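**Q** For reference, this is final07.cif, and it has mmCIF, C-alpha atoms.
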data_run
#
loop_
_atom_site.label_atom_id
_atom_site.label_comp_id
_atom_site.auth_asym_id
_atom_site.auth_seq_id
_atom_site.Cartn_x
_atom_site.Cartn_y
_atom_site.Cartn_z
CA MET A 405 0.00 0.00 0.00
CA SER A 406 1.36 3.39 -1.00
CA THR A 407 1.80 6.35 1.33
CA GLU A 408 -1.03 8.06 -0.53
CA GLU A 409 -3.36 5.13 0.17
CA ARG A 410 -2.42 5.10 3.86
CA THR A 411 -2.95 8.81 4.45
CA ILE A 412 -5.91 9.73 2.25
CA ASN A 413 -8.88 10.87 4.33
CA GLU A 414 -7.31 9.26 7.40
CA PRO A 415 -9.66 10.99 9.88
CA LEU A 416 -12.63 9.52 8.02
CA ILE A 417 -11.01 6.09 7.99
CA GLU A 418 -10.46 6.38 11.74
CA ARG A 419 -14.13 7.22 12.21
CA LEU A 420 -15.02 4.19 10.12
CA ALA A 421 -12.78 1.93 12.21
CA GLY A 422 -14.40 3.24 15.39
CA HIS A 423 -17.88 2.74 13.98
CA LEU A 424 -17.14 -0.84 12.95
CA LYS A 425 -15.70 -1.63 16.38
CA VAL A 426 -18.71 -0.23 18.21
CA SER A 427 -21.04 -2.06 15.82
CA GLY A 428 -19.41 -5.39 16.65
CA TYR A 429 -17.78 -6.23 13.32
CA SER A 430 -15.24 -9.02 13.39
CA LEU A 431 -11.58 -8.25 12.70
CA SER A 432 -11.68 -9.80 9.23
CA ALA A 433 -14.88 -7.96 8.31
CA THR A 434 -13.41 -4.70 9.60
CA VAL A 435 -10.23 -5.12 7.54
CA LYS A 436 -12.22 -5.82 4.37
CA ARG A 437 -14.54 -2.84 4.81
CA ILE A 438 -11.72 -0.44 5.59
CA ALA A 439 -9.81 -1.65 2.53
CA ALA A 440 -12.88 -1.11 0.33
CA ALA A 441 -13.48 2.34 1.82
CA ARG A 442 -9.85 3.36 1.27
CA GLY A 443 -10.05 2.21 -2.32
CA PHE A 444 -13.17 4.28 -2.98
CA LEU A 445 -11.79 7.38 -1.30
CA LEU A 446 -8.58 7.04 -3.30
CA TYR A 447 -10.62 6.69 -6.50
CA LEU A 448 -12.53 9.88 -5.67
CA ALA A 449 -9.26 11.71 -5.01
CA LYS A 450 -7.81 10.61 -8.35
CA GLU A 451 -10.99 11.83 -10.04
CA ARG A 452 -10.59 15.12 -8.15
CA VAL A 453 -13.94 14.68 -6.40
CA ASP A 454 -14.35 15.85 -2.82
CA VAL A 455 -15.96 13.22 -0.59
CA ALA A 456 -18.71 15.65 0.38
CA ASN A 457 -19.57 16.15 -3.30
CA ALA A 458 -19.56 12.50 -4.38
CA THR A 459 -22.78 11.28 -6.01
CA GLY A 460 -24.40 7.92 -6.51
CA ALA A 461 -22.89 7.75 -10.01
CA HIS A 462 -19.38 7.51 -8.57
CA GLU A 463 -20.05 4.16 -6.92
CA PRO A 464 -20.83 2.15 -10.10
CA ALA A 465 -17.97 3.95 -11.85
CA PHE A 466 -15.63 2.81 -9.07
CA LEU A 467 -16.93 -0.76 -9.30
CA ALA A 468 -16.45 -0.74 -13.08
CA PHE A 469 -12.89 0.49 -12.57
CA LYS A 470 -12.17 -2.27 -10.06
CA LEU A 471 -13.83 -4.91 -12.24
CA ASN A 472 -11.67 -3.89 -15.18
CA LEU A 473 -8.56 -4.27 -13.02
CA TYR A 474 -9.74 -7.70 -11.88
CA ARG A 475 -10.27 -8.87 -15.44
CA LYS A 476 -6.84 -7.64 -16.50
CA ARG A 477 -5.22 -9.39 -13.55
CA HIS A 478 -7.11 -12.70 -13.74
CA GLY A 479 -8.23 -12.88 -17.35
CA HIS A 480 -11.90 -13.26 -16.43
CA ALA A 481 -14.65 -11.72 -14.31
CA PRO A 482 -15.27 -12.94 -10.73
CA CYS A 483 -17.24 -16.20 -10.66
CA ASP A 484 -19.58 -14.78 -8.02
CA LEU A 485 -20.01 -11.22 -9.22
CA SER A 486 -22.60 -10.35 -6.56
CA SER A 487 -20.34 -11.41 -3.70
CA TRP A 488 -17.38 -9.64 -5.32
CA ARG A 489 -19.42 -6.44 -5.61
CA TRP A 490 -20.62 -6.79 -2.01
CA GLY A 491 -17.00 -6.95 -0.92
CA TYR A 492 -16.68 -3.33 -2.02
CA THR A 493 -20.14 -1.81 -1.60
CA SER A 494 -20.51 -2.69 2.08
CA GLY A 495 -17.44 -0.68 3.09
CA VAL A 496 -18.23 2.11 0.62
CA HIS A 497 -21.79 2.53 1.91
CA ILE A 498 -20.75 2.69 5.54
CA VAL A 499 -17.94 5.20 5.05
CA MET A 500 -20.06 7.40 2.80
CA ARG A 501 -22.91 7.43 5.30
CA LEU A 502 -20.39 8.63 7.86
CA ALA A 503 -19.20 11.31 5.42
CA GLN A 504 -22.52 12.50 4.03
CA GLY A 505 -25.11 11.24 6.50
CA LYS A 506 -26.95 9.20 3.86
CA TRP A 507 -25.80 6.83 1.14
CA PRO A 508 -26.68 5.96 -1.55
CA PRO A 509 -27.94 9.50 -2.24
CA ALA A 510 -31.63 9.85 -3.01
CA THR A 511 -32.45 10.50 -6.65
CA VAL A 512 -35.32 12.58 -7.98
CA PRO A 513 -37.85 10.33 -9.81
CA ALA A 514 -38.20 11.18 -13.49
CA ASN A 515 -41.71 9.76 -13.93
CA PRO A 516 -44.65 8.25 -11.96
CA GLN A 517 -43.22 4.73 -12.30
CA GLU A 518 -39.94 5.76 -10.69
CA THR A 519 -41.86 7.61 -7.98
CA PHE A 520 -43.84 4.48 -7.18
CA ARG A 521 -40.72 2.28 -7.06
CA GLN A 522 -38.95 4.76 -4.83
CA ASP A 523 -41.92 4.99 -2.45
CA LEU A 524 -42.23 1.22 -2.27
CA CYS A 525 -38.50 0.75 -1.66
CA ASN A 526 -38.57 3.38 1.08
CA ALA A 527 -41.51 1.57 2.68
CA TYR A 528 -39.59 -1.70 2.35
CA ALA A 529 -36.57 -0.21 4.10
CA GLN A 530 -38.81 0.98 6.92
CA TRP A 531 -40.43 -2.46 7.12
CA LEU A 532 -37.01 -4.11 7.37
CA SER A 533 -36.18 -1.83 10.29
CA ASP A 534 -39.52 -1.85 12.14
CA VAL A 535 -40.75 -5.39 11.49
CA ARG A 536 -37.62 -7.42 10.78
CA GLY A 537 -35.33 -5.43 13.08
CA LEU A 538 -32.41 -5.54 10.64
CA ALA A 539 -29.24 -3.58 11.27
CA ALA A 540 -28.93 -0.17 9.65
CA THR A 541 -25.86 -1.37 7.73
CA THR A 542 -27.84 -4.23 6.13
CA ILE A 543 -30.94 -2.34 5.01
CA PRO A 544 -29.44 -0.19 2.18
CA ASN A 545 -28.21 -3.27 0.32
CA ARG A 546 -31.56 -5.03 0.65
CA LYS A 547 -33.26 -1.87 -0.57
CA ALA A 548 -30.93 -1.59 -3.57
CA GLU A 549 -31.62 -5.22 -4.52
CA ALA A 550 -35.36 -4.58 -4.31
CA GLN A 551 -34.94 -1.56 -6.58
CA ARG A 552 -33.10 -3.67 -9.17
CA PHE A 553 -35.79 -6.35 -9.02
CA LEU A 554 -38.61 -3.85 -9.56
CA GLU A 555 -36.75 -2.31 -12.48
CA SER A 556 -36.32 -5.77 -14.03
CA LEU A 557 -40.10 -6.22 -14.05
CA GLY A 558 -40.55 -3.34 -16.45
CA GLU A 559 -44.07 -1.92 -16.46
CA ARG A 560 -45.28 -4.23 -13.69
CA GLY A 561 -42.56 -3.00 -11.35
CA GLY A 562 -43.76 0.58 -11.55
CA ASP A 563 -47.52 0.16 -11.51
CA GLU A 564 -49.42 -0.20 -8.25
CA LEU A 565 -52.25 -2.09 -9.98
CA LEU A 566 -49.96 -4.56 -11.76
CA LEU A 567 -47.50 -5.20 -8.93
CA PRO A 568 -49.76 -7.68 -7.06
CA GLN A 569 -49.43 -9.97 -10.10
CA ILE A 570 -45.80 -10.70 -9.18
CA THR A 571 -45.32 -14.39 -8.47
CA VAL A 572 -42.66 -16.64 -6.96
CA ALA A 573 -41.80 -17.59 -10.55
CA ASP A 574 -40.87 -13.95 -11.19
CA LEU A 575 -38.50 -14.05 -8.22
CA ASP A 576 -36.91 -17.29 -9.38
CA LEU A 577 -36.47 -15.95 -12.92
CA TYR A 578 -34.83 -12.78 -11.60
CA LEU A 579 -32.44 -14.79 -9.43
CA THR A 580 -31.49 -16.98 -12.39
CA GLN A 581 -30.89 -14.02 -14.68
CA ARG A 582 -29.31 -11.83 -12.02
CA ALA A 583 -26.58 -14.22 -10.98
CA PRO A 584 -26.63 -17.76 -12.40
CA GLN A 585 -23.25 -18.55 -10.80
CA LEU A 586 -24.06 -17.37 -7.28
CA ARG A 587 -23.13 -19.56 -4.36
CA ARG A 588 -26.07 -21.15 -2.58
CA THR A 589 -25.75 -18.89 0.48
CA THR A 590 -25.76 -15.77 -1.71
CA ARG A 591 -28.80 -16.98 -3.63
CA GLN A 592 -30.59 -17.69 -0.36
CA ARG A 593 -29.79 -14.17 0.86
CA LEU A 594 -31.16 -12.64 -2.33
CA ALA A 595 -34.26 -14.83 -2.25
CA LEU A 596 -34.94 -13.85 1.35
CA CYS A 597 -34.56 -10.20 0.43
CA LEU A 598 -37.00 -10.38 -2.48
CA ARG A 599 -39.59 -12.46 -0.63
CA GLY A 600 -39.48 -9.85 2.11
CA LEU A 601 -40.33 -7.26 -0.53
CA ARG A 602 -43.46 -9.25 -1.42
CA HIS A 603 -44.58 -9.20 2.22
CA CYS A 604 -43.96 -5.48 2.39
CA GLU A 605 -45.75 -4.93 -0.92
CA ALA A 606 -48.87 -6.60 0.49
CA SER A 607 -48.94 -4.25 3.49
CA PHE A 608 -48.12 -1.30 1.21
CA HIS A 609 -51.49 -1.83 -0.47
CA SER A 610 -53.46 -2.45 2.72
#
Would you kindly transcribe this structure into C-alpha cells?

**A**
Amino acid sequence: MSTEERTINEPLIERLAGHLKVSGYSLSATVKRIAAARGFLLYLAKERVDVANATGAHEPAFLAFKLNLYRKRHGHAPCDLSSWRWGYTSGVHIVMRLAQGKWPPATVPANPQETFRQDLCNAYAQWLSDVRGLAATTIPNRKAEAQRFLESLGERGGDELLLPQITVADLDLYLTQRAPQLRRTTRQRLALCLRGLRHCEASFHS
C-alpha cells in the first residue's frame, strides 16, 4: 500500500474503524470494509472529487474500474459477481454514510413509475427496520436489490395495480438471470430479500 493510500482521508477512515468496532464487526470484516473504503476514497481523489460532493454515479464507476482491473489481472470476471461487488459496496456505503449522512444518495424520480418504485422501496426499508429489526448497515443493500428487481419487471414493477401480479416464478427468474453462478448462500440471501419485498408490498397496499 502506497503512502497516498495510507494517508488519504485518514480521519474519516479512523471514524469508520471506530464505527465498525462499536457495531461489533469481526476483525476480518473490519479489515475488508476499511480496505474497500480506502479504495473508494482514493478513487474519488484521483478523479478530483471531494468526498462531500460525491454522487451515486461515482459508486458504479468505481466498481467498473475495479472490475476492469480484476479482469486484466485474472483474465476473467469474478465467478460470483454479486459477492465480489458486495466486498466493495458494504465498506463504501458505511464510510459514505459517515461522510454524508446518507448513502446511496436519493435520486429525484423522473416519472410516476420511478416515484412508485422509490416509495415502495422506502416503505420496504422501513419495514425491514420496524418489522424485521435488521441492522442499519444491512438495510441499504436489501433496498438496492429490491430496486433492481422492480426495475427488471418493467411496467409491472412501476404500476401499483400490476404489482400484485408478481409471483414466486418472477423471483426465481430474476435470481437466475441476475446471478446464475451465485453460491447457494448468496442466492438464499437474495431470495430472502425479495420475498421480504413481497410481504412489504402486500402491506403497502393495505

**Q** Go through A:Gln522, A:Thr459, A:Ser432, A:Thr580 and flag the residue nearest Ala595 (chain A), using all atoms listed in the file for the distances.

**A**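 Ranked by minimum distance to Ala595 (chain A), first place goes to A:Thr580.
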
**Q** For CA of Asp523 (chain A) and CA of Ser486 (chain A), quote the distance in Å rounded to one decimal.

**A** 25.0 Å

**Q** Apply the PyMOL selection byres ((chain A and resi 438) around 10) to the structure shown and report the selected residues as a ChimeraX atom specification.

**A** /A:417-418,420-421,424,433-437,439-444,492,494-496,498-499

**Q** Which distance in Å separates CA of Ala514 (chain A) and CA of Leu502 (chain A), to one decimal?

**A**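 Those two atoms sit 27.9 Å apart.
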
**Q** Using only C-alpha atoms, find the one residue out of A:Gly600, A:Gly479, A:Gly491, A:Pro544 that sits nearest to Leu575 (chain A).

**A**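 Closest residue, counting only C-alpha atoms: A:Gly600.
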
**Q** Any chance you could resolve the PyMOL selection byres ((chain A and resi 518) around 12) against this file and give the residues as a list in words?

**A**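 When the PyMOL selection byres ((chain A and resi 518) around 12) is applied, the selected residues are Thr511, Val512, Pro513, Ala514, Asn515, Pro516, Gln517, Thr519, Phe520, Arg521, Gln522, Asp523, Leu524, Cys525, Gln551, Arg552, Leu554, Glu555, Gly558, Glu559, Arg560, Gly561, Gly562, Asp563 and Glu564 of chain A.
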
**Q** Using only the atoms of region 412-425 of chain A listed in the file, plus 6 Å on each side, state the axis-aligned box centre and edge lengths in Å rounded to one decimal, as lines of an AutoDock Vina configuration file.

**A**
center_x = -11.9
center_y = 4.7
center_z = 9.3
size_x = 24.0
size_y = 24.6
size_z = 26.1
